[in-house]
>>> print(open('structure_7.txt').read())   # compact mmCIF, C-alpha atoms
# COMPACT_ATOMS: atom_id res chain seq x y z
CA MET A 1 -8.21 -6.90 43.51
CA THR A 2 -6.98 -7.63 39.96
CA ASN A 3 -5.30 -10.88 40.91
CA ASN A 4 -8.54 -11.98 42.61
CA VAL A 5 -10.33 -11.68 39.27
CA TYR A 6 -7.56 -13.65 37.58
CA ALA A 7 -7.86 -16.31 40.28
CA GLU A 8 -11.55 -16.71 39.43
CA ILE A 9 -10.57 -17.44 35.83
CA GLY A 10 -7.93 -19.94 36.92
CA VAL A 11 -4.63 -18.04 37.11
CA SER A 12 -2.72 -18.82 40.30
CA ASP A 13 -1.07 -16.13 42.43
CA SER A 14 2.40 -17.43 41.49
CA VAL A 15 1.75 -17.15 37.73
CA TYR A 16 0.12 -13.73 38.14
CA GLN A 17 3.06 -12.42 40.16
CA LEU A 18 5.57 -13.73 37.63
CA GLY A 19 3.65 -11.83 34.96
CA GLU A 20 3.76 -8.62 36.98
CA ASP A 21 7.52 -8.99 37.53
CA ILE A 22 8.05 -9.47 33.79
CA LEU A 23 5.79 -6.53 32.92
CA ALA A 24 7.73 -4.15 35.17
CA LYS A 25 10.67 -4.51 32.76
CA LEU A 26 8.62 -3.84 29.61
CA ARG A 27 7.09 -0.42 30.27
CA SER A 28 9.47 1.54 28.03
CA ARG A 29 8.93 -0.94 25.16
CA PHE A 30 5.19 -0.50 25.47
CA GLU A 31 5.49 3.28 25.40
CA ALA A 32 7.39 3.09 22.09
CA ILE A 33 4.67 0.82 20.65
CA ASP A 34 2.02 3.35 21.64
CA GLN A 35 3.96 6.07 19.83
CA THR A 36 4.03 3.97 16.65
CA ALA A 37 0.29 3.36 17.00
CA GLU A 38 -0.32 7.10 17.36
CA TYR A 39 1.65 7.81 14.18
CA ASN A 40 -0.18 5.12 12.20
CA GLN A 41 -3.57 6.20 13.57
CA ALA A 42 -2.96 9.70 12.24
CA LYS A 43 -1.93 8.24 8.89
CA VAL A 44 -5.19 6.28 8.56
CA ILE A 45 -7.32 9.27 9.63
CA ALA A 46 -5.53 11.51 7.13
CA ALA A 47 -6.34 9.05 4.32
CA MET A 48 -10.00 8.90 5.38
CA GLN A 49 -10.26 12.68 5.53
CA LYS A 50 -8.53 13.14 2.18
CA ASN A 51 -11.05 10.81 0.53
CA ARG A 52 -14.04 12.46 2.22
CA VAL A 53 -15.38 9.35 3.94
CA ASN A 54 -19.02 10.00 4.87
CA ALA A 55 -22.19 8.15 5.83
CA SER A 56 -23.00 7.25 2.22
CA CYS A 57 -19.85 5.10 2.18
CA PHE A 58 -21.50 2.69 4.61
CA ALA A 59 -24.53 1.90 2.43
CA ALA A 60 -25.01 -1.73 1.37
CA THR A 61 -24.91 -2.78 -2.28
CA SER A 62 -25.89 -6.06 -3.90
CA GLY A 63 -25.90 -7.72 -7.30
CA TYR A 64 -23.21 -6.43 -9.62
CA GLY A 65 -22.18 -3.64 -7.28
CA TYR A 66 -21.83 -1.03 -10.01
CA ASN A 67 -21.01 2.48 -8.78
CA ASP A 68 -20.35 1.29 -5.22
CA VAL A 69 -19.13 4.53 -3.64
CA GLY A 70 -18.18 2.96 -0.30
CA ARG A 71 -16.14 0.18 -1.88
CA ASP A 72 -14.30 2.50 -4.27
CA THR A 73 -13.58 5.05 -1.54
CA LEU A 74 -12.26 2.36 0.81
CA GLU A 75 -9.83 1.25 -1.88
CA ARG A 76 -8.56 4.81 -2.24
CA VAL A 77 -8.16 5.01 1.55
CA TYR A 78 -6.02 1.86 1.52
CA ALA A 79 -3.96 3.13 -1.41
CA ASP A 80 -3.32 6.47 0.30
CA THR A 81 -2.49 4.87 3.66
CA PHE A 82 0.02 2.49 2.09
CA HIS A 83 1.23 5.08 -0.47
CA THR A 84 0.40 3.08 -3.59
CA GLU A 85 -1.19 3.95 -6.92
CA ALA A 86 -4.16 1.63 -6.47
CA ALA A 87 -5.73 -0.96 -4.20
CA LEU A 88 -8.12 -3.90 -4.38
CA VAL A 89 -9.97 -4.41 -1.07
CA ARG A 90 -12.79 -6.89 -1.30
CA PRO A 91 -14.92 -9.23 0.82
CA GLN A 92 -14.84 -11.53 -2.24
CA ILE A 93 -11.19 -12.25 -1.37
CA THR A 94 -11.75 -15.07 1.10
CA CYS A 95 -8.38 -15.14 2.93
CA GLY A 96 -4.75 -14.15 2.73
CA THR A 97 -3.82 -17.20 0.65
CA HIS A 98 -6.57 -16.29 -1.82
CA ALA A 99 -5.23 -12.72 -2.06
CA LEU A 100 -1.74 -14.04 -2.76
CA ALA A 101 -3.05 -16.52 -5.33
CA VAL A 102 -4.89 -13.70 -7.13
CA ALA A 103 -1.79 -11.49 -7.15
CA LEU A 104 0.45 -14.30 -8.40
CA SER A 105 -1.82 -15.76 -11.06
CA ALA A 106 -2.77 -12.31 -12.37
CA ASN A 107 0.82 -11.22 -12.95
CA LEU A 108 2.54 -14.44 -14.06
CA LEU A 109 2.14 -16.03 -17.48
CA PRO A 110 3.21 -19.43 -18.87
CA GLY A 111 6.99 -19.53 -19.16
CA ASP A 112 7.56 -17.00 -16.38
CA GLU A 113 9.42 -17.89 -13.21
CA LEU A 114 8.35 -17.01 -9.68
CA TYR A 115 11.28 -16.56 -7.35
CA SER A 116 11.49 -16.44 -3.56
CA PRO A 117 14.73 -14.81 -2.33
CA VAL A 118 13.83 -15.55 1.32
CA GLY A 119 13.44 -19.33 1.27
CA ARG A 120 10.35 -21.52 1.27
CA PRO A 121 7.06 -19.62 1.66
CA TYR A 122 4.24 -20.36 4.08
CA ASP A 123 2.76 -23.87 3.86
CA THR A 124 -0.53 -22.92 2.18
CA LEU A 125 1.33 -21.30 -0.74
CA GLU A 126 3.08 -24.56 -1.62
CA GLU A 127 -0.01 -25.87 -3.41
CA VAL A 128 -0.70 -22.48 -5.02
CA ILE A 129 2.79 -22.51 -6.51
CA GLY A 130 2.86 -26.25 -7.19
CA ILE A 131 5.70 -27.20 -4.86
CA ARG A 132 3.11 -29.69 -3.64
CA GLU A 133 1.03 -30.94 -6.52
CA SER A 134 -2.42 -29.38 -6.75
CA THR A 135 -5.08 -28.74 -9.37
CA CYS A 136 -4.89 -25.20 -10.80
CA SER A 137 -1.44 -24.50 -9.34
CA LEU A 138 0.92 -22.08 -11.06
CA ALA A 139 3.03 -25.07 -12.08
CA GLU A 140 0.05 -26.59 -13.90
CA TYR A 141 -0.15 -23.40 -15.99
CA GLY A 142 3.54 -23.48 -16.91
CA VAL A 143 4.97 -21.09 -14.30
CA THR A 144 8.25 -22.34 -12.83
CA TYR A 145 9.51 -21.67 -9.33
CA ALA A 146 12.91 -21.14 -7.72
CA GLU A 147 14.08 -20.10 -4.29
CA THR A 148 17.21 -19.09 -2.43
CA PRO A 149 17.23 -20.12 1.24
CA LEU A 150 18.14 -17.64 3.91
CA LEU A 151 21.59 -18.01 5.44
CA PRO A 152 21.89 -20.04 8.67
CA ASP A 153 21.67 -16.86 10.77
CA GLY A 154 18.42 -15.84 9.05
CA SER A 155 20.00 -13.11 6.91
CA ILE A 156 19.50 -12.72 3.16
CA ASP A 157 21.89 -14.54 0.81
CA TYR A 158 22.60 -11.76 -1.66
CA GLU A 159 25.26 -13.70 -3.55
CA GLY A 160 22.88 -16.63 -3.95
CA ILE A 161 20.20 -14.24 -5.24
CA ARG A 162 22.62 -12.75 -7.77
CA LYS A 163 23.20 -16.23 -9.20
CA ALA A 164 19.52 -17.20 -9.21
CA VAL A 165 17.89 -14.24 -11.01
CA HIS A 166 17.76 -14.68 -14.81
CA SER A 167 15.81 -13.55 -17.87
CA ARG A 168 12.65 -15.55 -17.01
CA THR A 169 12.48 -14.31 -13.42
CA LYS A 170 9.25 -12.35 -13.64
CA MET A 171 8.26 -11.91 -10.00
CA ALA A 172 9.89 -12.10 -6.58
CA THR A 173 7.66 -13.09 -3.67
CA ILE A 174 8.93 -11.83 -0.32
CA GLN A 175 7.32 -13.10 2.87
CA ARG A 176 7.63 -10.52 5.63
CA SER A 177 6.61 -12.76 8.52
CA LYS A 178 8.07 -16.12 9.43
CA GLY A 179 5.17 -18.48 8.68
CA TYR A 180 5.68 -21.87 10.32
CA ALA A 181 9.44 -21.33 10.57
CA THR A 182 11.65 -20.01 13.32
CA ARG A 183 13.56 -17.51 11.24
CA PRO A 184 13.56 -13.80 12.09
CA THR A 185 10.80 -11.66 10.61
CA LEU A 186 12.11 -9.26 7.98
CA SER A 187 12.02 -5.57 8.81
CA VAL A 188 10.59 -3.13 6.28
CA GLN A 189 14.08 -1.72 5.79
CA GLN A 190 15.50 -5.19 5.05
CA ILE A 191 12.70 -5.76 2.54
CA GLY A 192 13.40 -2.37 0.95
CA ASP A 193 17.12 -3.15 0.62
CA LEU A 194 16.26 -6.52 -0.93
CA ILE A 195 13.85 -4.94 -3.43
CA LYS A 196 16.48 -2.38 -4.43
CA PHE A 197 19.00 -5.17 -5.00
CA LEU A 198 16.54 -7.23 -7.08
CA LYS A 199 15.64 -4.26 -9.28
CA GLU A 200 19.30 -3.49 -9.84
CA LEU A 201 19.71 -7.07 -11.10
CA LYS A 202 16.52 -6.96 -13.21
CA PRO A 203 14.74 -3.59 -13.41
CA ASP A 204 11.43 -5.03 -14.67
CA ILE A 205 11.07 -7.65 -11.92
CA ILE A 206 7.78 -7.42 -10.00
CA CYS A 207 8.34 -7.47 -6.24
CA MET A 208 5.37 -8.72 -4.21
CA VAL A 209 5.41 -8.72 -0.41
CA ASP A 210 3.23 -11.02 1.66
CA ASN A 211 2.53 -8.37 4.29
CA CYS A 212 0.34 -10.51 6.57
CA TYR A 213 0.84 -9.90 10.31
CA GLY A 214 3.16 -6.95 9.67
CA GLU A 215 0.84 -4.05 8.90
CA PHE A 216 1.15 -1.11 11.33
CA THR A 217 3.89 -2.68 13.46
CA GLU A 218 6.26 -0.11 11.95
CA ARG A 219 5.73 3.44 10.70
CA ILE A 220 6.48 2.48 7.11
CA GLU A 221 5.31 -0.40 4.93
CA PRO A 222 7.13 -2.29 2.14
CA SER A 223 5.21 -0.22 -0.42
CA ASP A 224 7.09 2.83 0.88
CA LEU A 225 10.36 1.20 -0.17
CA GLY A 226 9.65 -0.08 -3.65
CA ALA A 227 7.28 -3.06 -3.39
CA ASP A 228 5.09 -3.33 -6.50
CA MET A 229 2.40 -5.13 -4.49
CA ILE A 230 1.71 -5.72 -0.82
CA VAL A 231 -0.86 -8.36 0.05
CA GLY A 232 -2.73 -9.32 3.20
CA SER A 233 -5.88 -10.55 4.93
CA LEU A 234 -8.55 -8.39 6.54
CA ILE A 235 -9.02 -10.85 9.40
CA LYS A 236 -5.47 -10.03 10.45
CA ASN A 237 -4.01 -6.61 11.29
CA PRO A 238 -5.80 -4.23 8.88
CA GLY A 239 -9.30 -5.49 9.71
CA GLY A 240 -8.90 -4.36 13.31
CA GLY A 241 -10.92 -7.36 14.54
CA LEU A 242 -14.14 -6.05 12.96
CA ALA A 243 -13.76 -7.19 9.35
CA PRO A 244 -15.57 -10.54 9.07
CA ILE A 245 -13.86 -11.55 5.80
CA GLY A 246 -11.75 -10.10 3.03
CA GLY A 247 -8.30 -9.39 1.71
CA TYR A 248 -6.37 -6.55 0.11
CA ILE A 249 -3.78 -6.02 -2.59
CA CYS A 250 -2.16 -2.57 -2.83
CA GLY A 251 0.34 -1.61 -5.49
CA THR A 252 0.98 -0.20 -8.93
CA LYS A 253 -2.05 0.47 -11.12
CA HIS A 254 -0.80 -2.02 -13.71
CA CYS A 255 -0.53 -4.86 -11.18
CA ILE A 256 -3.82 -4.02 -9.43
CA ASP A 257 -5.74 -3.81 -12.73
CA ARG A 258 -4.57 -7.32 -13.56
CA CYS A 259 -5.50 -8.54 -10.06
CA ALA A 260 -9.00 -7.11 -10.46
CA TYR A 261 -9.44 -8.87 -13.81
CA ARG A 262 -8.30 -12.12 -12.25
CA LEU A 263 -10.58 -11.77 -9.22
CA SER A 264 -13.70 -10.98 -11.26
CA ALA A 265 -13.35 -11.37 -15.04
CA PRO A 266 -11.45 -9.80 -17.95
CA GLY A 267 -13.17 -6.59 -18.93
CA LEU A 268 -15.02 -6.26 -15.61
CA GLY A 269 -12.22 -5.76 -13.08
CA GLN A 270 -13.00 -3.43 -10.20
CA GLU A 271 -16.35 -2.32 -11.63
CA VAL A 272 -18.17 -5.31 -10.09
CA GLY A 273 -18.26 -6.77 -6.59
CA ALA A 274 -21.02 -5.70 -4.21
CA ASN A 275 -20.02 -4.80 -0.64
CA LEU A 276 -22.91 -6.85 0.85
CA GLY A 277 -23.38 -4.42 3.73
CA LEU A 278 -19.91 -4.87 5.21
CA MET A 279 -18.58 -1.36 4.66
CA THR A 280 -19.02 -0.06 8.21
CA GLN A 281 -17.02 -2.98 9.60
CA LEU A 282 -14.28 -2.63 6.98
CA TYR A 283 -13.91 1.12 7.52
CA GLN A 284 -14.13 1.01 11.29
CA GLY A 285 -11.82 -2.00 11.47
CA PHE A 286 -9.20 -0.18 9.42
CA PHE A 287 -9.62 2.87 11.66
CA LEU A 288 -8.98 0.70 14.76
CA ALA A 289 -6.17 -1.33 13.17
CA PRO A 290 -3.18 0.71 14.45
CA THR A 291 -4.24 0.47 18.11
CA VAL A 292 -5.41 -3.14 17.84
CA THR A 293 -2.07 -4.06 16.26
CA ALA A 294 -0.29 -2.27 19.09
CA SER A 295 -2.17 -4.40 21.64
CA ALA A 296 -1.20 -7.58 19.80
CA THR A 297 2.42 -6.44 19.58
CA LYS A 298 2.53 -5.87 23.35
CA GLY A 299 1.12 -9.35 23.87
CA ALA A 300 3.79 -10.87 21.64
CA ILE A 301 6.57 -9.13 23.58
CA PHE A 302 5.03 -10.22 26.90
CA ALA A 303 4.83 -13.84 25.68
CA SER A 304 8.43 -13.68 24.50
CA ALA A 305 9.66 -12.34 27.83
CA MET A 306 7.65 -14.85 29.89
CA TYR A 307 8.81 -17.92 27.98
CA GLU A 308 12.35 -16.63 27.67
CA HIS A 309 12.37 -16.41 31.47
CA LEU A 310 11.10 -20.00 31.65
CA GLY A 311 14.03 -21.22 29.54
CA PHE A 312 12.46 -21.70 26.11
CA ARG A 313 13.89 -20.48 22.82
CA VAL A 314 11.76 -17.63 21.48
CA VAL A 315 11.85 -15.87 18.09
CA PRO A 316 12.15 -12.95 18.30
CA ALA A 317 13.77 -12.50 21.69
CA SER A 318 11.98 -10.16 24.07
CA ALA A 319 14.50 -7.34 23.62
CA GLU A 320 14.51 -7.46 19.81
CA GLU A 321 12.76 -4.90 17.63
CA ARG A 322 9.36 -6.11 16.39
CA HIS A 323 8.31 -6.28 12.73
CA ASP A 324 5.13 -8.36 13.04
CA ILE A 325 2.74 -9.64 15.70
CA ILE A 326 3.87 -13.28 15.58
CA GLN A 327 5.75 -14.82 18.51
CA ALA A 328 7.34 -18.20 17.93
CA ILE A 329 8.07 -20.30 21.02
CA GLU A 330 9.91 -23.61 20.68
CA LEU A 331 8.23 -25.85 23.26
CA GLY A 332 10.04 -29.10 22.45
CA SER A 333 7.12 -31.54 22.54
CA GLU A 334 3.59 -32.15 21.31
CA ALA A 335 2.37 -32.29 24.92
CA ALA A 336 3.69 -28.80 25.59
CA MET A 337 2.06 -27.45 22.42
CA VAL A 338 -1.27 -28.94 23.46
CA ALA A 339 -1.00 -27.46 26.97
CA PHE A 340 -0.03 -24.02 25.65
CA CYS A 341 -2.94 -23.97 23.21
CA ALA A 342 -5.31 -25.17 25.92
CA GLY A 343 -4.35 -22.06 27.91
CA ILE A 344 -5.04 -19.74 24.99
CA GLN A 345 -8.41 -21.39 24.41
CA ALA A 346 -9.29 -21.16 28.10
CA ALA A 347 -8.69 -17.41 27.98
CA ALA A 348 -11.13 -16.89 25.11
CA PRO A 349 -14.47 -15.08 25.32
CA VAL A 350 -15.88 -17.58 22.80
CA ASP A 351 -15.61 -21.40 23.02
CA ALA A 352 -13.48 -21.23 26.17
CA TYR A 353 -14.76 -24.68 27.16
CA VAL A 354 -13.33 -26.33 24.02
CA THR A 355 -10.11 -28.38 24.16
CA PRO A 356 -7.92 -27.85 21.06
CA ILE A 357 -6.37 -30.98 19.55
CA PRO A 358 -4.07 -31.55 16.55
CA TRP A 359 -5.87 -32.31 13.27
CA ASP A 360 -5.29 -32.68 9.53
CA MET A 361 -5.98 -29.18 8.21
CA PRO A 362 -6.38 -28.44 4.46
CA GLY A 363 -3.28 -26.89 2.91
CA TYR A 364 -0.78 -28.31 5.43
CA ASP A 365 1.41 -31.42 5.25
CA SER A 366 1.54 -31.95 9.03
CA LYS A 367 -1.14 -32.09 11.69
CA VAL A 368 -1.83 -28.62 13.04
CA ILE A 369 -3.14 -27.50 16.42
CA MET A 370 -5.06 -24.25 16.62
CA ALA A 371 -6.50 -22.36 19.56
CA ALA A 372 -8.81 -19.43 18.90
CA GLY A 373 -12.00 -18.47 20.66
CA ALA A 374 -12.68 -15.68 18.23
CA PHE A 375 -15.69 -13.58 17.25
CA VAL A 376 -14.58 -14.00 13.61
CA GLN A 377 -13.73 -17.59 12.77
CA GLY A 378 -10.02 -17.98 12.04
CA SER A 379 -9.21 -14.36 12.85
CA SER A 380 -5.60 -14.25 13.96
CA ILE A 381 -5.64 -10.59 14.96
CA GLU A 382 -7.80 -11.96 17.78
CA LEU A 383 -6.00 -13.91 20.50
CA SER A 384 -4.87 -17.19 18.98
CA ALA A 385 -2.08 -19.73 18.79
CA ASP A 386 -1.27 -22.49 16.36
CA GLY A 387 1.52 -24.61 14.99
CA PRO A 388 2.35 -27.77 13.04
CA ILE A 389 3.03 -30.90 15.09
CA ARG A 390 6.62 -31.41 14.00
CA PRO A 391 10.07 -30.61 15.44
CA PRO A 392 11.02 -28.23 16.98
CA TYR A 393 7.38 -28.21 18.20
CA ALA A 394 7.09 -24.46 17.91
CA VAL A 395 3.84 -22.72 18.71
CA TYR A 396 2.99 -19.41 17.07
CA PHE A 397 1.22 -16.94 19.36
CA GLN A 398 -0.47 -13.88 17.93
CA GLY A 399 -3.27 -11.40 18.32
CA GLY A 400 -5.34 -9.88 21.05
CA LEU A 401 -7.83 -7.14 20.26
CA THR A 402 -6.91 -5.60 23.60
CA TRP A 403 -3.67 -5.77 25.51
CA CYS A 404 -5.53 -7.01 28.58
CA HIS A 405 -6.86 -10.03 26.71
CA SER A 406 -3.46 -10.81 25.24
CA LYS A 407 -1.96 -10.66 28.73
CA LEU A 408 -4.59 -13.07 30.06
CA GLY A 409 -3.85 -15.50 27.24
CA VAL A 410 -0.15 -15.60 28.06
CA LEU A 411 -0.84 -16.11 31.78
CA MET A 412 -3.32 -18.91 31.07
CA SER A 413 -0.84 -20.66 28.75
CA VAL A 414 1.78 -20.60 31.49
CA GLN A 415 -0.79 -21.87 34.00
CA LYS A 416 -1.73 -24.84 31.80
CA MET A 417 1.94 -25.68 31.26
CA LEU A 418 2.48 -25.52 35.03
CA ASP A 419 -0.58 -27.66 35.76
CA ALA A 420 0.65 -30.29 33.30
CA GLY A 421 4.02 -30.49 35.06
CA LEU A 422 5.86 -29.21 31.99
CA ILE A 423 7.46 -26.19 33.68
CA THR A 424 8.44 -24.93 37.12
CA LEU A 425 8.38 -21.29 38.16
>>> encode(input="structure_7.txt", output="structure tokens")
Amino acid sequence: MTNNVYAEIGVSDSVYQLGEDILAKLRSRFEAIDQTAEYNQAKVIAAMQKNRVNASCFAATSGYGYNDVGRDTLERVYADTFHTEAALVRPQITCGTHALAVALSANLLPGDELYSPVGRPYDTLEEVIGIRESTCSLAEYGVTYAETPLLPDGSIDYEGIRKAVHSRTKMATIQRSKGYATRPTLSVQQIGDLIKFLKELKPDIICMVDNCYGEFTERIEPSDLGADMIVGSLIKNPGGGLAPIGGYICGTKHCIDRCAYRLSAPGLGQEVGANLGLMTQLYQGFFLAPTVTASATKGAIFASAMYEHLGFRVVPASAEERHDIIQAIELGSEAAMVAFCAGIQAAAPVDAYVTPIPWDMPGYDSKVIMAAGAFVQGSSIELSADGPIRPPYAVYFQGGLTWCHSKLGVLMSVQKMLDAGLITL
């Protein structure tokens, strides 16, 4: 009867059966993902129990937010989960880019150099850094920037890094996920090896990891292997689909103190910032995050296997180990990107009737198409897909609060591609 329900939504028998054939080969992968989720779930619960989370933590605060027990306890829960000295977890952090901007501007001073040893960062950071001119960029405040591209095979250029690090290199920014690129995602172990190498070159270098999309896909995080700060958005993995806004920065007390002063004001730091009644969602979202991330990871593997079967280049390949929830699929044309995103939108519980089209989005230098019928606007832990309209016309598929929804999204994307005459089964 399941395929009858899919047929009502618009998935043909041929697409449904292809999906079932692909799934039959993925069962052992999914079992391993569930084991990782179980480990991470226990880790989160242990941190909540250690910090004596109770009903008073869910009370709303307003105004200055002094003595906000729920907010302060949540930050200790994050710090203990990610094994750091301190954490800043706030609804006042509007997005992942904002969290990164806070971390960078708080810990870099005029004359310092920011260095990326893994190539060009995600598009929205280009204006933060000043690679693309922008008011209030780091460049405007006298912070310089350098980068070492990854090698052609996506591996780290250690010799290039050795030559690039110098006395003014204050901070290294390491992007775990691929952004709008088709390079491999870095594993936590690769990031740890890179951090060790950087600190051997310059012991006082600050290593910050953009951890977006990677949280809970492995049993360890970059903070377990030497990262001074890990940074991310609450409307991605750690919010579990319930957080309506927010970001986090976990790391050394020195770095987090500076971040808090930058987010609020010097002298105020973490003492201010009301929770505005969001604590239940932030706690419960973090509690759900390991299993929600597991569902999204399964969806990414399913998408990879489906489109690999259909002859498209996918990064990572379906058999590769996963280090984030992002699945890049090179579709080869704008028309294919539009059809794919139309399928994701058609699978949504919200705004399923909307047709996604490319548009000029703030922070990007190309038109971008985005598909997301989400309960939280822009939440990419919910089923979504997006990509810049430029060669190789890669779409980036991610999210799915449940595995079943992620599966439906993949099937609908294939159906729309088939209906448009862009593929044959």
>>> residues_around(input="structure_7.txt", residues="Gly239 in chain A", least_positions_apart="3", cutoff="9 Å", atoms="only C-alpha atoms", output="VMD selection string")
chain A and resid 233 to 236 242 to 247 281 to 289 381
>>> closest_residue(input="structure_7.txt", among="A:Leu383, A:Met370, A:Ala79, A:Ala139", to="Thr297 in chain A", atoms="all atoms listed in the file")
A:Leu383
>>> residues_around(input="structure_7.txt", residues="Ile249 in chain A", least_positions_apart="2", cutoff="10 Å", atoms="only C-alpha atoms", output="JSON, numbers by chain")
{"A": [75, 78, 79, 86, 87, 88, 89, 90, 93, 96, 99, 100, 102, 103, 208, 209, 210, 211, 229, 230, 231, 232, 233, 247, 251, 252, 255, 256, 259, 260]}
>>> closest_residue(input="structure_7.txt", among="A:Pro222, A:Gly343, A:Pro356, A:Gly399", to="Asp419 in chain A", atoms="all atoms listed in the file")
A:Gly343
>>> closest_residue(input="structure_7.txt", among="A:Leu151, A:Ala372, A:Ala303, A:Ile174", to="Tyr122 in chain A", atoms="all atoms listed in the file")
A:Ile174
>>> atom_distance(input="structure_7.txt", atom1="CA of Glu334 in chain A", atom2="CA of Thr424 in chain A")
18.0 Å
>>> closest_residue(input="structure_7.txt", among="A:Ala336, A:Cys136, A:Leu150, A:Ala305", to="Arg120 in chain A", atoms="all atoms listed in the file")
A:Leu150
>>> closest_residue(input="structure_7.txt", among="A:Arg183, A:Asp68, A:Phe82, A:Ala47", to="Gly119 in chain A", atoms="only C-alpha atoms")
A:Arg183
>>> closest_residue(input="structure_7.txt", among="A:Asn3, A:Thr293, A:Gln327, A:Ser155", to="Tyr396 in chain A", atoms="only C-alpha atoms")
A:Gln327
>>> atom_distance(input="structure_7.txt", atom1="CA of Asp21 in chain A", atom2="CA of Leu422 in chain A")
21.0 Å
>>> atom_distance(input="structure_7.txt", atom1="CA of Arg176 in chain A", atom2="CA of His98 in chain A")
17.0 Å
>>> residues_around(input="structure_7.txt", residues="Gln49 in chain A", least_positions_apart="5", cutoff="12 Å", atoms="only C-alpha atoms", output="PyMOL selection string")
chain A and resi 42-44+54+73-74+76-77+80-81+287
>>> residues_near_point(input="structure_7.txt", point="(0.0, -31.0, -1.2)", cutoff="9 Å", atoms="only C-alpha atoms", output="list in words")
Thr124, Glu126, Glu127, Gly130, Ile131, Arg132, Glu133, Ser134, Pro362, Gly363, Tyr364 and Asp365 of chain A
>>> residues_around(input="structure_7.txt", residues="Ala385 in chain A", least_positions_apart="2", cutoff="10 Å", atoms="all atoms listed in the file", output="PyMOL selection string")
chain A and resi 326-328+337+340-345+369-372+380+382-383+387+395-399+409
>>> decode(input="structure_7.txt", residues="range 179-225 of chain A", atoms="C-alpha atoms", output="short mmCIF file (atom, residue, chain, number, x, y, z; two decimals), in the first residue's frame")
data_model
loop_
_atom_site.label_atom_id
_atom_site.label_comp_id
_atom_site.auth_asym_id
_atom_site.auth_seq_id
_atom_site.Cartn_x
_atom_site.Cartn_y
_atom_site.Cartn_z
CA GLY A 179 29.92 25.11 0.78
CA TYR A 180 29.09 25.78 -2.86
CA ALA A 181 32.04 23.70 -4.06
CA THR A 182 32.36 20.11 -5.12
CA ARG A 183 35.34 19.24 -2.97
CA PRO A 184 35.19 16.46 -0.38
CA THR A 185 33.99 17.36 3.10
CA LEU A 186 36.79 17.19 5.66
CA SER A 187 36.57 14.47 8.28
CA VAL A 188 37.09 15.36 11.93
CA GLN A 189 40.33 13.39 11.87
CA GLN A 190 41.59 15.35 8.85
CA ILE A 191 40.72 18.58 10.63
CA GLY A 192 42.52 17.37 13.77
CA ASP A 193 45.65 16.50 11.79
CA LEU A 194 45.55 19.92 10.13
CA ILE A 195 45.18 21.71 13.48
CA LYS A 196 48.12 19.76 14.91
CA PHE A 197 50.25 20.75 11.90
CA LEU A 198 49.26 24.44 12.17
CA LYS A 199 50.07 24.56 15.89
CA GLU A 200 53.43 22.95 15.28
CA LEU A 201 54.17 25.76 12.81
CA LYS A 202 52.81 28.48 15.12
CA PRO A 203 51.78 27.38 18.63
CA ASP A 204 49.69 30.49 19.37
CA ILE A 205 47.57 30.31 16.21
CA ILE A 206 43.82 30.24 16.86
CA CYS A 207 42.09 27.46 14.93
CA MET A 208 38.40 28.07 14.23
CA VAL A 209 36.24 25.44 12.53
CA ASP A 210 33.07 26.31 10.65
CA ASN A 211 31.22 23.23 11.88
CA CYS A 212 27.93 23.86 10.05
CA TYR A 213 26.24 20.72 8.67
CA GLY A 214 28.76 18.43 10.38
CA GLU A 215 27.58 18.21 13.97
CA PHE A 216 26.69 14.68 15.13
CA THR A 217 27.54 12.99 11.82
CA GLU A 218 30.57 11.50 13.58
CA ARG A 219 31.18 10.48 17.19
CA ILE A 220 33.78 13.19 17.72
CA GLU A 221 33.83 16.89 16.85
CA PRO A 222 36.75 19.15 15.84
CA SER A 223 36.85 20.49 19.41
CA ASP A 224 37.90 17.00 20.51
CA LEU A 225 41.02 17.30 18.35
#
